[in-house]
>>> print(open('entry_0.txt').read())   # compact mmCIF, C-alpha atoms (C1' of nucleotides)
# COMPACT_ATOMS: atom_id res chain seq x y z
CA MET A 18 57.19 90.17 -142.79
CA PRO A 19 56.78 92.25 -139.62
CA ALA A 20 58.48 95.52 -138.78
CA GLY A 21 62.16 95.68 -139.66
CA LYS A 22 64.06 92.51 -140.07
CA THR A 23 63.82 89.24 -141.89
CA ASN A 24 63.97 86.16 -139.67
CA GLU A 25 62.66 88.02 -136.66
CA VAL A 26 61.90 85.71 -133.77
CA ALA A 27 58.20 84.99 -133.35
CA PRO A 28 56.62 85.75 -129.96
CA ALA A 29 57.07 82.74 -127.70
CA ARG A 30 54.08 80.48 -127.16
CA ALA A 31 53.55 78.24 -124.17
CA VAL A 32 56.40 75.77 -124.49
CA GLU A 33 56.94 73.41 -121.59
CA MET A 34 60.54 73.93 -120.47
CA SER A 35 60.35 72.56 -116.96
CA PRO A 36 63.07 69.91 -117.05
CA LEU A 37 65.62 72.53 -118.12
CA ASN A 38 64.22 75.60 -116.45
CA ARG A 39 65.72 75.29 -112.99
CA THR A 40 69.10 73.84 -113.84
CA VAL A 41 72.49 75.47 -113.43
CA GLY A 42 73.58 74.50 -116.92
CA PHE A 43 70.64 76.05 -118.70
CA LEU A 44 70.18 79.20 -116.62
CA LEU A 45 73.87 79.99 -116.57
CA LYS A 46 73.85 79.94 -120.34
CA ARG A 47 70.77 82.13 -120.58
CA ALA A 48 72.06 84.69 -118.11
CA GLN A 49 75.40 84.76 -119.84
CA ILE A 50 73.77 85.38 -123.22
CA ALA A 51 71.85 88.29 -121.70
CA ILE A 52 74.93 89.89 -120.13
CA SER A 53 76.97 89.36 -123.28
CA ARG A 54 74.37 91.33 -125.20
CA ASP A 55 74.54 94.12 -122.63
CA ILE A 56 78.31 94.26 -122.89
CA HIS A 57 78.15 94.22 -126.65
CA GLU A 58 75.73 97.13 -126.53
CA ILE A 59 77.62 99.34 -124.09
CA PHE A 60 80.90 98.91 -126.00
CA ALA A 61 79.46 98.92 -129.52
CA GLU A 62 79.99 102.63 -130.11
CA PHE A 63 83.70 102.17 -129.31
CA ASP A 64 83.99 99.09 -131.51
CA VAL A 65 85.38 97.12 -128.57
CA THR A 66 84.56 93.49 -127.80
CA ALA A 67 84.39 91.89 -124.37
CA VAL A 68 87.71 90.14 -124.92
CA GLN A 69 89.38 93.34 -126.06
CA PHE A 70 88.06 95.09 -122.96
CA SER A 71 89.48 92.31 -120.78
CA VAL A 72 92.83 92.54 -122.53
CA LEU A 73 92.99 96.30 -122.02
CA THR A 74 92.01 95.99 -118.36
CA VAL A 75 94.47 93.22 -117.52
CA THR A 76 97.23 95.00 -119.43
CA ALA A 77 96.56 98.21 -117.55
CA ASN A 78 96.97 96.38 -114.25
CA ASN A 79 99.90 94.25 -115.43
CA PRO A 80 102.04 96.46 -117.65
CA GLY A 81 104.46 94.45 -119.74
CA ILE A 82 102.45 91.25 -119.47
CA ALA A 83 103.35 88.61 -122.05
CA GLN A 84 100.83 87.40 -124.59
CA HIS A 85 100.69 83.87 -123.24
CA GLU A 86 100.04 85.25 -119.75
CA LEU A 87 97.13 87.25 -121.11
CA ALA A 88 95.83 84.15 -122.82
CA THR A 89 96.04 82.08 -119.65
CA ALA A 90 94.51 84.76 -117.44
CA LEU A 91 91.61 85.34 -119.82
CA GLN A 92 91.11 81.68 -120.65
CA VAL A 93 91.51 82.03 -124.38
CA GLU A 94 93.86 79.94 -126.49
CA ARG A 95 97.16 81.56 -127.28
CA PRO A 96 96.67 81.66 -131.05
CA ARG A 97 93.49 83.62 -130.42
CA MET A 98 95.46 86.44 -128.75
CA VAL A 99 97.26 87.26 -131.98
CA PRO A 100 94.40 88.76 -134.00
CA VAL A 101 92.92 90.31 -130.86
CA LEU A 102 96.17 92.15 -130.13
CA ASP A 103 96.72 92.92 -133.83
CA LYS A 104 93.47 94.86 -133.78
CA LEU A 105 94.34 96.75 -130.61
CA VAL A 106 97.82 97.55 -131.95
CA SER A 107 96.43 98.75 -135.28
CA ARG A 108 94.13 101.11 -133.39
CA GLY A 109 97.06 102.42 -131.38
CA LEU A 110 95.63 101.27 -128.05
CA VAL A 111 98.46 98.93 -127.07
CA VAL A 112 102.04 98.29 -128.18
CA ARG A 113 104.07 95.09 -128.37
CA ARG A 114 107.62 95.63 -127.08
CA GLN A 115 110.40 93.13 -127.60
CA ASP A 116 111.67 91.72 -124.30
CA GLU A 117 115.34 92.74 -123.84
CA ARG A 118 116.39 89.51 -122.18
CA ASP A 119 114.21 87.00 -123.99
CA GLY A 120 114.05 87.51 -127.71
CA ARG A 121 111.00 85.28 -128.02
CA SER A 122 108.79 87.27 -125.73
CA ARG A 123 106.90 90.44 -126.61
CA ARG A 124 105.52 92.49 -123.76
CA ILE A 125 102.26 94.38 -123.98
CA HIS A 126 101.77 97.94 -122.79
CA LEU A 127 98.85 100.36 -123.04
CA THR A 128 99.38 103.55 -125.00
CA GLU A 129 98.06 106.85 -123.77
CA ALA A 130 95.13 106.49 -126.16
CA GLY A 131 94.56 103.04 -124.69
CA GLU A 132 94.50 104.42 -121.15
CA GLU A 133 92.03 107.12 -122.13
CA LEU A 134 89.67 104.76 -123.93
CA LEU A 135 89.87 102.25 -121.10
CA ALA A 136 88.86 104.90 -118.56
CA GLU A 137 85.72 105.57 -120.55
CA LEU A 138 85.03 101.86 -121.01
CA HIS A 139 85.33 101.34 -117.28
CA ARG A 140 82.75 104.05 -116.63
CA ARG A 141 80.32 102.23 -118.91
CA PHE A 142 81.15 98.87 -117.41
CA ALA A 143 80.62 100.18 -113.88
CA LEU A 144 77.17 101.43 -114.88
CA LEU A 145 76.32 97.96 -116.17
CA GLU A 146 77.45 96.35 -112.93
CA GLN A 147 75.34 98.91 -111.12
CA ARG A 148 72.33 97.76 -113.11
CA MET A 149 73.02 94.22 -111.90
CA VAL A 150 72.97 95.47 -108.32
CA GLU A 151 69.66 97.19 -109.01
CA VAL A 152 68.19 93.96 -110.32
CA LEU A 153 69.55 91.68 -107.63
CA GLY A 154 70.26 93.83 -104.62
CA GLU A 155 73.68 94.30 -103.10
CA GLU A 156 73.67 91.23 -100.90
CA GLU A 157 72.24 88.85 -103.49
CA ARG A 158 74.70 90.06 -106.11
CA ASP A 159 77.52 89.31 -103.70
CA ARG A 160 76.23 85.81 -103.04
CA LEU A 161 75.88 85.27 -106.79
CA LEU A 162 79.51 86.22 -107.39
CA THR A 163 80.67 83.87 -104.65
CA SER A 164 78.65 80.99 -106.08
CA LEU A 165 79.96 81.67 -109.58
CA GLU A 166 83.53 81.66 -108.26
CA LEU A 167 82.92 78.30 -106.64
CA LEU A 168 81.57 76.87 -109.88
CA ALA A 169 84.36 78.32 -111.99
CA ASP A 170 87.24 77.41 -109.67
CA ARG A 171 86.06 74.09 -108.30
CA PRO A 172 88.59 71.31 -108.82
CA ARG A 173 88.08 69.37 -112.01
CA MET B 2 107.30 70.33 -124.96
CA PRO B 3 105.66 69.00 -121.76
CA ALA B 4 103.53 65.88 -121.43
CA GLY B 5 101.04 65.38 -124.22
CA LYS B 6 99.89 68.30 -126.23
CA THR B 7 101.32 71.13 -128.20
CA ASN B 8 100.18 74.58 -127.09
CA GLU B 9 99.44 73.43 -123.58
CA VAL B 10 98.56 76.31 -121.30
CA ALA B 11 101.43 77.37 -119.05
CA PRO B 12 100.80 77.37 -115.28
CA ALA B 13 99.31 80.71 -114.31
CA ARG B 14 101.60 83.24 -112.66
CA ALA B 15 100.49 86.05 -110.42
CA VAL B 16 98.43 88.21 -112.75
CA GLU B 17 96.49 91.04 -111.20
CA MET B 18 92.86 90.52 -112.22
CA SER B 19 91.14 92.54 -109.56
CA PRO B 20 89.10 94.97 -111.65
CA LEU B 21 87.44 92.04 -113.44
CA ASN B 22 87.48 89.42 -110.72
CA ARG B 23 84.35 90.32 -108.82
CA THR B 24 82.10 91.36 -111.69
CA VAL B 25 78.98 89.64 -112.93
CA GLY B 26 80.10 89.84 -116.55
CA PHE B 27 83.43 88.17 -116.02
CA LEU B 28 82.47 85.51 -113.47
CA LEU B 29 79.34 84.52 -115.35
CA LYS B 30 81.47 83.84 -118.39
CA ARG B 31 84.02 81.84 -116.42
CA ALA B 32 81.41 79.73 -114.66
CA GLN B 33 79.61 79.13 -117.93
CA ILE B 34 82.81 77.95 -119.61
CA ALA B 35 83.37 75.50 -116.74
CA ILE B 36 79.84 74.07 -116.89
CA SER B 37 79.96 73.86 -120.67
CA ARG B 38 83.06 71.70 -120.38
CA ASP B 39 81.30 69.47 -117.87
CA ILE B 40 78.33 69.05 -120.17
CA HIS B 41 80.56 68.38 -123.12
CA GLU B 42 82.31 65.68 -121.11
CA ILE B 43 79.25 63.89 -119.77
CA PHE B 44 77.62 63.76 -123.23
CA ALA B 45 80.78 63.12 -125.25
CA GLU B 46 80.45 59.35 -125.31
CA PHE B 47 76.96 59.74 -126.81
CA ASP B 48 78.15 62.31 -129.35
CA VAL B 49 75.48 64.73 -128.16
CA THR B 50 75.95 68.49 -127.79
CA ALA B 51 74.26 70.73 -125.24
CA VAL B 52 71.94 72.14 -127.90
CA GLN B 53 71.00 68.67 -129.12
CA PHE B 54 70.25 67.66 -125.55
CA SER B 55 68.03 70.71 -125.13
CA VAL B 56 66.22 69.95 -128.38
CA LEU B 57 65.57 66.35 -127.31
CA THR B 58 64.36 67.45 -123.88
CA VAL B 59 62.04 70.17 -125.12
CA THR B 60 60.70 67.89 -127.86
CA ALA B 61 60.00 65.14 -125.33
CA ASN B 62 57.94 67.58 -123.27
CA ASN B 63 56.30 69.24 -126.27
CA PRO B 64 55.63 66.51 -128.83
CA GLY B 65 54.93 67.94 -132.27
CA ILE B 66 56.64 71.24 -131.56
CA ALA B 67 57.50 73.27 -134.66
CA GLN B 68 61.09 74.11 -135.55
CA HIS B 69 60.66 77.82 -135.07
CA GLU B 70 59.16 77.19 -131.63
CA LEU B 71 62.20 75.15 -130.69
CA ALA B 72 64.43 77.92 -131.94
CA THR B 73 62.60 80.56 -129.92
CA ALA B 74 62.47 78.46 -126.76
CA LEU B 75 66.16 77.59 -126.92
CA GLN B 76 67.28 81.04 -128.02
CA VAL B 77 69.00 79.94 -131.19
CA GLU B 78 68.38 81.45 -134.61
CA ARG B 79 65.98 79.51 -136.78
CA PRO B 80 68.48 78.71 -139.52
CA ARG B 81 70.65 77.09 -136.82
CA MET B 82 67.90 74.54 -136.05
CA VAL B 83 68.16 73.01 -139.51
CA PRO B 84 71.57 71.29 -139.24
CA VAL B 85 70.94 70.48 -135.56
CA LEU B 86 67.74 68.62 -136.45
CA ASP B 87 69.29 67.13 -139.58
CA LYS B 88 71.83 65.43 -137.34
CA LEU B 89 69.23 64.14 -134.90
CA VAL B 90 67.05 62.89 -137.76
CA SER B 91 69.98 61.14 -139.43
CA ARG B 92 70.68 59.33 -136.16
CA GLY B 93 67.05 58.28 -135.92
CA LEU B 94 66.44 60.14 -132.65
CA VAL B 95 63.70 62.46 -133.92
CA VAL B 96 61.41 62.65 -136.95
CA ARG B 97 60.03 65.62 -138.86
CA ARG B 98 56.35 65.17 -139.71
CA GLN B 99 54.51 67.36 -142.16
CA ASP B 100 51.70 69.32 -140.49
CA GLU B 101 48.35 68.26 -141.99
CA ARG B 102 46.77 71.68 -141.83
CA ASP B 103 49.75 73.91 -142.51
CA GLY B 104 51.92 72.71 -145.36
CA ARG B 105 54.77 74.99 -144.33
CA SER B 106 55.18 73.57 -140.86
CA ARG B 107 57.01 70.39 -139.94
CA ARG B 108 56.42 69.00 -136.47
CA ILE B 109 59.13 67.30 -134.46
CA HIS B 110 58.65 64.07 -132.51
CA LEU B 111 61.03 61.83 -130.60
CA THR B 112 61.50 58.28 -131.86
CA GLU B 113 61.70 55.38 -129.46
CA ALA B 114 65.48 55.43 -129.82
CA GLY B 115 65.34 59.13 -128.99
CA GLU B 116 63.32 58.48 -125.85
CA GLU B 117 65.76 55.80 -124.71
CA LEU B 118 68.85 57.89 -125.31
CA LEU B 119 67.26 60.90 -123.63
CA ALA B 120 66.51 58.85 -120.51
CA GLU B 121 70.19 57.98 -120.22
CA LEU B 122 71.24 61.58 -120.92
CA HIS B 123 68.94 62.81 -118.18
CA ARG B 124 70.53 60.42 -115.70
CA ARG B 125 73.95 61.90 -116.53
CA PHE B 126 72.64 65.44 -116.44
CA ALA B 127 71.02 64.87 -113.05
CA LEU B 128 74.35 63.66 -111.68
CA LEU B 129 76.00 66.85 -112.91
CA GLU B 130 73.34 68.99 -111.25
CA GLN B 131 73.91 66.97 -108.12
CA ARG B 132 77.60 67.89 -108.25
CA MET B 133 76.56 71.55 -108.36
CA VAL B 134 74.53 71.03 -105.21
CA GLU B 135 77.54 69.40 -103.56
CA VAL B 136 79.69 72.40 -104.43
CA LEU B 137 77.19 75.09 -103.46
CA GLY B 138 74.82 73.51 -101.01
CA GLU B 139 71.09 73.15 -101.62
CA GLU B 140 70.05 76.60 -100.46
CA GLU B 141 72.83 78.50 -102.20
CA ARG B 142 72.19 76.67 -105.45
CA ASP B 143 68.55 77.70 -105.23
CA ARG B 144 69.47 81.33 -104.66
CA LEU B 145 71.87 81.13 -107.58
CA LEU B 146 69.15 79.88 -109.92
CA THR B 147 66.81 82.64 -108.82
CA SER B 148 69.46 85.30 -109.41
CA LEU B 149 70.29 83.88 -112.82
CA GLU B 150 66.61 83.93 -113.75
CA LEU B 151 66.40 87.57 -112.76
CA LEU B 152 69.42 88.42 -114.90
CA ALA B 153 68.21 86.40 -117.88
CA ASP B 154 64.59 87.57 -117.81
CA ARG B 155 64.98 91.17 -116.69
CA PRO B 156 63.34 93.63 -119.05
CA ARG B 157 65.68 94.92 -121.70
C1' DT C 8 51.81 90.27 -147.43
C1' DA C 9 53.47 87.21 -143.92
C1' DT C 10 55.36 82.82 -142.17
C1' DT C 11 58.06 78.15 -142.20
C1' DG C 12 61.71 75.87 -143.33
C1' DT C 13 65.65 76.27 -145.90
C1' DT C 14 70.00 77.81 -148.29
C1' DA C 15 73.71 80.91 -148.47
C1' DT C 16 77.16 83.89 -146.66
C1' DA C 17 80.21 86.17 -143.55
C1' DC C 18 82.18 86.61 -139.27
C1' DT C 19 83.52 85.00 -134.75
C1' DC C 20 85.19 81.57 -131.61
C1' DT C 21 87.36 77.19 -130.27
C1' DA C 22 90.73 73.80 -130.67
C1' DT C 23 94.81 71.78 -132.58
C1' DA C 24 98.84 71.18 -135.11
C1' DA C 25 102.88 72.87 -136.67
C1' DC C 26 106.33 76.45 -138.03
C1' DT C 27 110.13 80.14 -136.61
C1' DA C 28 113.09 82.01 -133.62
C1' DT C 29 114.81 81.88 -129.73
C1' DA C 30 116.32 79.71 -125.21
C1' DT D 7 114.35 69.90 -125.82
C1' DA D 8 111.24 73.41 -124.60
C1' DT D 9 108.91 77.97 -125.03
C1' DA D 10 106.73 82.46 -127.29
C1' DG D 11 104.60 84.08 -130.88
C1' DT D 12 102.69 83.00 -135.06
C1' DT D 13 100.32 80.74 -139.05
C1' DA D 14 97.09 77.48 -140.76
C1' DT D 15 93.08 74.76 -140.62
C1' DA D 16 88.82 72.54 -139.28
C1' DG D 17 84.70 72.71 -136.77
C1' DA D 18 81.10 75.25 -134.13
C1' DG D 19 78.33 79.08 -133.31
C1' DT D 20 76.21 83.67 -134.47
C1' DA D 21 73.83 86.69 -137.37
C1' DT D 22 71.61 88.15 -141.60
C1' DA D 23 69.64 88.03 -145.98
C1' DA D 24 66.88 85.91 -149.14
C1' DC D 25 64.32 82.14 -151.57
C1' DA D 26 60.41 78.50 -152.28
C1' DA D 27 56.27 76.80 -150.69
C1' DT D 28 52.40 77.91 -148.34
C1' DA D 29 49.11 80.73 -145.83
>>> encode(input="entry_0.txt", output="structure tokens")
Amino acid sequence: MPAGKTNEVAPARAVEMSPLNRTVGFLLKRAQIAISRDIHEIFAEFDVTAVQFSVLTVTANNPGIAQHELATALQVERPRMVPVLDKLVSRGLVVRRQDERDGRSRRIHLTEAGEELLAELHRRFALLEQRMVEVLGEEERDRLLTSLELLADRPR
Amino acid sequence: MPAGKTNEVAPARAVEMSPLNRTVGFLLKRAQIAISRDIHEIFAEFDVTAVQFSVLTVTANNPGIAQHELATALQVERPRMVPVLDKLVSRGLVVRRQDERDGRSRRIHLTEAGEELLAELHRRFALLEQRMVEVLGEEERDRLLTSLELLADRPR
DNA sequence: TATTGTTATACTCTATAACTATA
DNA sequence: TATAGTTATAGAGTATAACAATA
């Protein structure tokens, strides 16, 4: 076995990938894997996942948002929000408050600790976005975002 | 309950998403989810997943490729290749052949049935890529692919 | 000692169905 | 009857560790 780990990935040999190489489906996946790893890394020391970061951010900008609204906005299924929020609540980063008018609904708010952590997370996240600009250039990054929006929002 | 399903997603209200909206991390994820759904749809009637399609394609262009080479090329962990290939073997789309020189290695080849199915899958996949061109335009799609390559392959 | 394919395990994510309490 | 949050469950995917056969 080499250096540290078991099951380490062997150095890639010349594998012909051409039919997949320049396709949206394949490259989008590869780029997304790479960025996901970056995000995992920059948030690892805070024990925060990408979804948790999104929840904190959207909650900060939409105080009192309902769980199902979070789920819709972040494109996760509603049952998935439960354990995600449970974790954030248990860490004292957000609170669930019963809606006064609608007994079914519980509204999410950041705590002060949540605000403070989120500020730090946003600093890290901004640095990551800055790295993207360094790789792509300002203009190309902007075109990329516009293309991605078109792909994500196109009528289905 | 509305039309068909339980847990159907409620129509989105005005949720302020601005800090995430125009970021590479968030939009890449959203676009990738959308394309994944497309791929799932176009291959559903053949009961083929995106990874299986990639395996068939890479195998077609690299006959006799080893499992660990497939894993490396497709960026999946080697243990993951086992059930993926098991499924393809059980459907008679690929075969595992013992390497004559190296008793550890098993080399993957497409069967005739595999070749035929793959031809049909590629027709569907090409139509999907064509839809991307219709959404983005030829030039913008090309710029997108180049940007995605930069993000995926940038030194880490 | 190292590598290939494999088994095993644990954790995450996705997707659905269904329950409860409210409306 | 419909909705919000929740629980439960099944199926993928991710990530590691470790084993048997082979090098």
>>> calpha_fit_and_write(input="entry_0.txt", fixed="chain B", moving="chain A", output="short mmCIF file (atom, residue, chain, number, x, y, z; two decimals) with C-alpha atoms, in the coordinates of the input")
data_model
loop_
_atom_site.label_atom_id
_atom_site.label_comp_id
_atom_site.auth_asym_id
_atom_site.auth_seq_id
_atom_site.Cartn_x
_atom_site.Cartn_y
_atom_site.Cartn_z
CA MET A 18 107.17 70.43 -125.11
CA PRO A 19 105.60 69.03 -121.93
CA ALA A 20 103.53 65.90 -121.57
CA GLY A 21 100.97 65.35 -124.31
CA LYS A 22 99.83 68.26 -126.32
CA THR A 23 101.25 71.12 -128.29
CA ASN A 24 100.07 74.56 -127.19
CA GLU A 25 99.35 73.40 -123.67
CA VAL A 26 98.50 76.28 -121.37
CA ALA A 27 101.36 77.28 -119.09
CA PRO A 28 100.72 77.29 -115.33
CA ALA A 29 99.27 80.66 -114.35
CA ARG A 30 101.57 83.15 -112.68
CA ALA A 31 100.47 85.96 -110.41
CA VAL A 32 98.45 88.15 -112.75
CA GLU A 33 96.53 90.99 -111.18
CA MET A 34 92.89 90.49 -112.20
CA SER A 35 91.17 92.53 -109.53
CA PRO A 36 89.14 94.94 -111.65
CA LEU A 37 87.47 92.02 -113.43
CA ASN A 38 87.50 89.42 -110.70
CA ARG A 39 84.34 90.31 -108.82
CA THR A 40 82.11 91.36 -111.68
CA VAL A 41 78.98 89.65 -112.94
CA GLY A 42 80.10 89.85 -116.54
CA PHE A 43 83.43 88.16 -116.03
CA LEU A 44 82.45 85.51 -113.48
CA LEU A 45 79.33 84.53 -115.36
CA LYS A 46 81.46 83.84 -118.39
CA ARG A 47 84.00 81.83 -116.43
CA ALA A 48 81.39 79.73 -114.67
CA GLN A 49 79.60 79.13 -117.92
CA ILE A 50 82.80 77.96 -119.60
CA ALA A 51 83.36 75.52 -116.74
CA ILE A 52 79.83 74.08 -116.89
CA SER A 53 79.95 73.86 -120.67
CA ARG A 54 83.05 71.71 -120.37
CA ASP A 55 81.30 69.47 -117.86
CA ILE A 56 78.32 69.06 -120.16
CA HIS A 57 80.56 68.37 -123.10
CA GLU A 58 82.31 65.69 -121.08
CA ILE A 59 79.25 63.89 -119.74
CA PHE A 60 77.64 63.75 -123.21
CA ALA A 61 80.80 63.13 -125.23
CA GLU A 62 80.46 59.35 -125.28
CA PHE A 63 76.98 59.74 -126.80
CA ASP A 64 78.17 62.31 -129.34
CA VAL A 65 75.49 64.73 -128.14
CA THR A 66 75.96 68.48 -127.76
CA ALA A 67 74.28 70.73 -125.22
CA VAL A 68 71.95 72.14 -127.86
CA GLN A 69 71.02 68.68 -129.10
CA PHE A 70 70.26 67.65 -125.52
CA SER A 71 68.04 70.72 -125.10
CA VAL A 72 66.24 69.95 -128.35
CA LEU A 73 65.59 66.36 -127.29
CA THR A 74 64.36 67.44 -123.86
CA VAL A 75 62.03 70.17 -125.10
CA THR A 76 60.71 67.89 -127.84
CA ALA A 77 60.01 65.15 -125.33
CA ASN A 78 57.94 67.57 -123.26
CA ASN A 79 56.31 69.25 -126.27
CA PRO A 80 55.65 66.52 -128.83
CA GLY A 81 54.95 67.94 -132.26
CA ILE A 82 56.66 71.24 -131.53
CA ALA A 83 57.53 73.27 -134.63
CA GLN A 84 61.11 74.11 -135.49
CA HIS A 85 60.68 77.83 -135.02
CA GLU A 86 59.18 77.20 -131.57
CA LEU A 87 62.22 75.15 -130.65
CA ALA A 88 64.44 77.93 -131.90
CA THR A 89 62.62 80.56 -129.87
CA ALA A 90 62.48 78.46 -126.71
CA LEU A 91 66.17 77.60 -126.88
CA GLN A 92 67.28 81.05 -127.98
CA VAL A 93 69.02 79.96 -131.14
CA GLU A 94 68.39 81.45 -134.56
CA ARG A 95 66.01 79.51 -136.74
CA PRO A 96 68.52 78.71 -139.47
CA ARG A 97 70.67 77.10 -136.80
CA MET A 98 67.93 74.55 -136.01
CA VAL A 99 68.21 73.01 -139.46
CA PRO A 100 71.61 71.32 -139.19
CA VAL A 101 70.97 70.50 -135.53
CA LEU A 102 67.77 68.65 -136.41
CA ASP A 103 69.34 67.14 -139.55
CA LYS A 104 71.87 65.44 -137.31
CA LEU A 105 69.26 64.16 -134.88
CA VAL A 106 67.09 62.91 -137.75
CA SER A 107 70.03 61.17 -139.42
CA ARG A 108 70.72 59.36 -136.15
CA GLY A 109 67.10 58.30 -135.92
CA LEU A 110 66.48 60.16 -132.66
CA VAL A 111 63.74 62.48 -133.91
CA VAL A 112 61.44 62.67 -136.94
CA ARG A 113 60.07 65.65 -138.86
CA ARG A 114 56.39 65.16 -139.70
CA GLN A 115 54.54 67.34 -142.17
CA ASP A 116 51.73 69.29 -140.50
CA GLU A 117 48.37 68.16 -141.99
CA ARG A 118 46.78 71.59 -141.87
CA ASP A 119 49.75 73.82 -142.60
CA GLY A 120 51.93 72.60 -145.40
CA ARG A 121 54.76 74.91 -144.37
CA SER A 122 55.18 73.54 -140.90
CA ARG A 123 57.04 70.38 -139.93
CA ARG A 124 56.45 69.01 -136.47
CA ILE A 125 59.15 67.31 -134.45
CA HIS A 126 58.67 64.08 -132.52
CA LEU A 127 61.07 61.84 -130.61
CA THR A 128 61.53 58.30 -131.87
CA GLU A 129 61.73 55.39 -129.49
CA ALA A 130 65.51 55.45 -129.84
CA GLY A 131 65.37 59.15 -129.01
CA GLU A 132 63.35 58.49 -125.86
CA GLU A 133 65.77 55.80 -124.74
CA LEU A 134 68.87 57.90 -125.32
CA LEU A 135 67.28 60.90 -123.65
CA ALA A 136 66.52 58.86 -120.52
CA GLU A 137 70.19 58.01 -120.23
CA LEU A 138 71.25 61.59 -120.93
CA HIS A 139 68.94 62.81 -118.20
CA ARG A 140 70.54 60.44 -115.70
CA ARG A 141 73.94 61.92 -116.53
CA PHE A 142 72.62 65.45 -116.44
CA ALA A 143 70.99 64.89 -113.05
CA LEU A 144 74.33 63.67 -111.68
CA LEU A 145 75.97 66.87 -112.91
CA GLU A 146 73.32 69.01 -111.25
CA GLN A 147 73.88 66.98 -108.11
CA ARG A 148 77.56 67.90 -108.25
CA MET A 149 76.53 71.56 -108.35
CA VAL A 150 74.48 71.04 -105.20
CA GLU A 151 77.50 69.42 -103.56
CA VAL A 152 79.65 72.41 -104.42
CA LEU A 153 77.16 75.09 -103.46
CA GLY A 154 74.75 73.53 -101.02
CA GLU A 155 71.04 73.16 -101.63
CA GLU A 156 70.01 76.60 -100.45
CA GLU A 157 72.79 78.51 -102.19
CA ARG A 158 72.15 76.66 -105.45
CA ASP A 159 68.52 77.70 -105.24
CA ARG A 160 69.43 81.33 -104.66
CA LEU A 161 71.85 81.15 -107.59
CA LEU A 162 69.14 79.89 -109.92
CA THR A 163 66.79 82.66 -108.83
CA SER A 164 69.43 85.31 -109.40
CA LEU A 165 70.27 83.89 -112.82
CA GLU A 166 66.59 83.94 -113.77
CA LEU A 167 66.39 87.59 -112.77
CA LEU A 168 69.41 88.43 -114.90
CA ALA A 169 68.20 86.43 -117.88
CA ASP A 170 64.58 87.61 -117.81
CA ARG A 171 64.99 91.20 -116.69
CA PRO A 172 63.36 93.67 -119.07
CA ARG A 173 65.69 94.97 -121.73
#
>>> interface_residues(input="entry_0.txt", of="chain A", to="chain D", cutoff="12 Å", atoms="all atoms listed in the file", output="number ranges by chain")
A: 22-25, 50, 83-86, 88, 95-100, 102-103, 113, 115-116, 119-124
>>> write_last_selection(input="entry_0.txt", atoms="C-alpha atoms", output="tab-separated table (two decimals), in the coordinates of the input")
chain	number	residue	atom	x	y	z
A	22	LYS	CA	64.06	92.51	-140.07
A	23	THR	CA	63.82	89.24	-141.89
A	24	ASN	CA	63.97	86.16	-139.67
A	25	GLU	CA	62.66	88.02	-136.66
A	50	ILE	CA	73.77	85.38	-123.22
A	83	ALA	CA	103.35	88.61	-122.05
A	84	GLN	CA	100.83	87.40	-124.59
A	85	HIS	CA	100.69	83.87	-123.24
A	86	GLU	CA	100.04	85.25	-119.75
A	88	ALA	CA	95.83	84.15	-122.82
A	95	ARG	CA	97.16	81.56	-127.28
A	96	PRO	CA	96.67	81.66	-131.05
A	97	ARG	CA	93.49	83.62	-130.42
A	98	MET	CA	95.46	86.44	-128.75
A	99	VAL	CA	97.26	87.26	-131.98
A	100	PRO	CA	94.40	88.76	-134.00
A	102	LEU	CA	96.17	92.15	-130.13
A	103	ASP	CA	96.72	92.92	-133.83
A	113	ARG	CA	104.07	95.09	-128.37
A	115	GLN	CA	110.40	93.13	-127.60
A	116	ASP	CA	111.67	91.72	-124.30
A	119	ASP	CA	114.21	87.00	-123.99
A	120	GLY	CA	114.05	87.51	-127.71
A	121	ARG	CA	111.00	85.28	-128.02
A	122	SER	CA	108.79	87.27	-125.73
A	123	ARG	CA	106.90	90.44	-126.61
A	124	ARG	CA	105.52	92.49	-123.76
>>> atom_distance(input="entry_0.txt", atom1="CA of Ile52 in chain A", atom2="CA of Asp159 in chain A")
16.6 Å
>>> atom_distance(input="entry_0.txt", atom1="CA of Phe44 in chain B", atom2="CA of Phe43 in chain A")
14.8 Å
>>> interface_residues(input="entry_0.txt", of="chain B", to="chain A", cutoff="7 Å", atoms="only C-alpha atoms", output="ChimeraX atom specification")
/B:10,13,16-18,23-26,28-33,35-36,59,62-63,73-74,130,137,145-146,148-150,152-153
>>> interface_residues(input="entry_0.txt", of="chain C", to="chain B", cutoff="8 Å", atoms="only C-alpha atoms (C1' of nucleotides)", output="CSV table (one decimal) with C-alpha atoms (C1' of nucleotides), in the frame of the given file")
chain,number,residue,atom,x,y,z
C,11,DT,C1',58.1,78.2,-142.2
C,12,DG,C1',61.7,75.9,-143.3
C,13,DT,C1',65.6,76.3,-145.9
C,23,DT,C1',94.8,71.8,-132.6
C,24,DA,C1',98.8,71.2,-135.1
>>> atom_distance(input="entry_0.txt", atom1="CA of Phe63 in chain A", atom2="C1' of DA17 in chain C")
21.7 Å
